[in-house]
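Undergrad: This is the structure, below, for whatever I ask next.
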Amino acid sequence: MWGRGPSAYDCWGLVRDVMREGLGVTLPSYVEYADSVIGGDGERVLMEKMQTLTCWESVPIEEARPFDVIVLNIAGHPNHVGVICMDKQFLHVERGGESQIERYKSRRWKSRIEGIYRYCP
């Protein structure tokens with residue numbers, strides 16, 4: 001079972017808790033967007049919104065640092081997120097899975113990076 005946490009997370013729920021606990025930043029839930037999109041594609045809609053918010057700035061992959069949010073393309077859409085946690089690695093949870101740390105420049109993820117964003121208080 002996956003969801004908003006802390007007993008089970010989806011990718012956005014994990015990002016929200018890490019940002020809240022690590023930086024004191026409260027991010028919105030994507031639930032408000034999910035109902036308005038056919039197929040419950042709320043994560044994609046939220047990430048598109050996140051990219052246009054003024055409190056986020058896009059950063060080059062070479063400048064990624066802990067607490068930056070990485071947006072990844074899965075199945076042709078930007079619908080997965082994680083948090084940079086250390087040099088060239090990010091924390092994320094895949095649908096139905098456990099949280100894990102992986103290299104974002106790995107063969108699996110490098111071509112899927114849509115962007116890396118830093119919260120600007």
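We name chains A, B, ... following the order of the structure tokens; residues begin at 1 in each chain, and ligands are numbered from 1 as shown.
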For the interface of segment 85-114 of chain A with segment 51-73 of chain A (cut-off 6 Å, counting only C-alpha atoms), please tabulate each contacting residue of segment 85-114 of chain A alongside its nearest pair of atoms and their separation in Å to one decimal, rows sorted by chain and increasing number, as a tab-separated table.
TA:
```
residue	atom	partner	partner_atom	distance
A:Cys85	CA	A:Pro66	CA	4.6
A:Met86	CA	A:Pro66	CA	5.7
A:Arg112	CA	A:Asn73	CA	4.8
A:Ile113	CA	A:Leu72	CA	4.6
A:Glu114	CA	A:Leu72	CA	5.2
```
Undergrad: Counting only C-alpha atoms, which of A:Ile74, A:Gly22, A:Ile84, A:Leu91 gets nearest to Ile116 of chain A?
TA: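 Selected residue with least distance to Ile116 of chain A: A:Ile84.
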Undergrad: Write out as a PyMOL selection string the residues lying within 8 Å of Glu98 of chain A, counting only C-alpha atoms and excluding same-chain residues fewer than 4 positions away.
TA: chain A and resi 9+93-94
Undergrad: If you measure from atom CA of Pro121 of chain A to atom CA of Gly82 of chain A, what distance in Å do you get, rounded to one decimal?
TA: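 Between atom CA of Pro121 of chain A and atom CA of Gly82 of chain A the gap is 19.4 Å.
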Undergrad: With only C-alpha atoms as the counted atoms, please give the residues lying no more than 9 Å from Arg16 of chain A, apart from itself and same-chain residues fewer than 3 positions off, as a list in words.
TA: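 That gives Arg4, Cys11, Trp12, Gly13, Met19, Arg20, Glu21, Val25, Thr26, Leu27, Pro28 and Ser29 of chain A.
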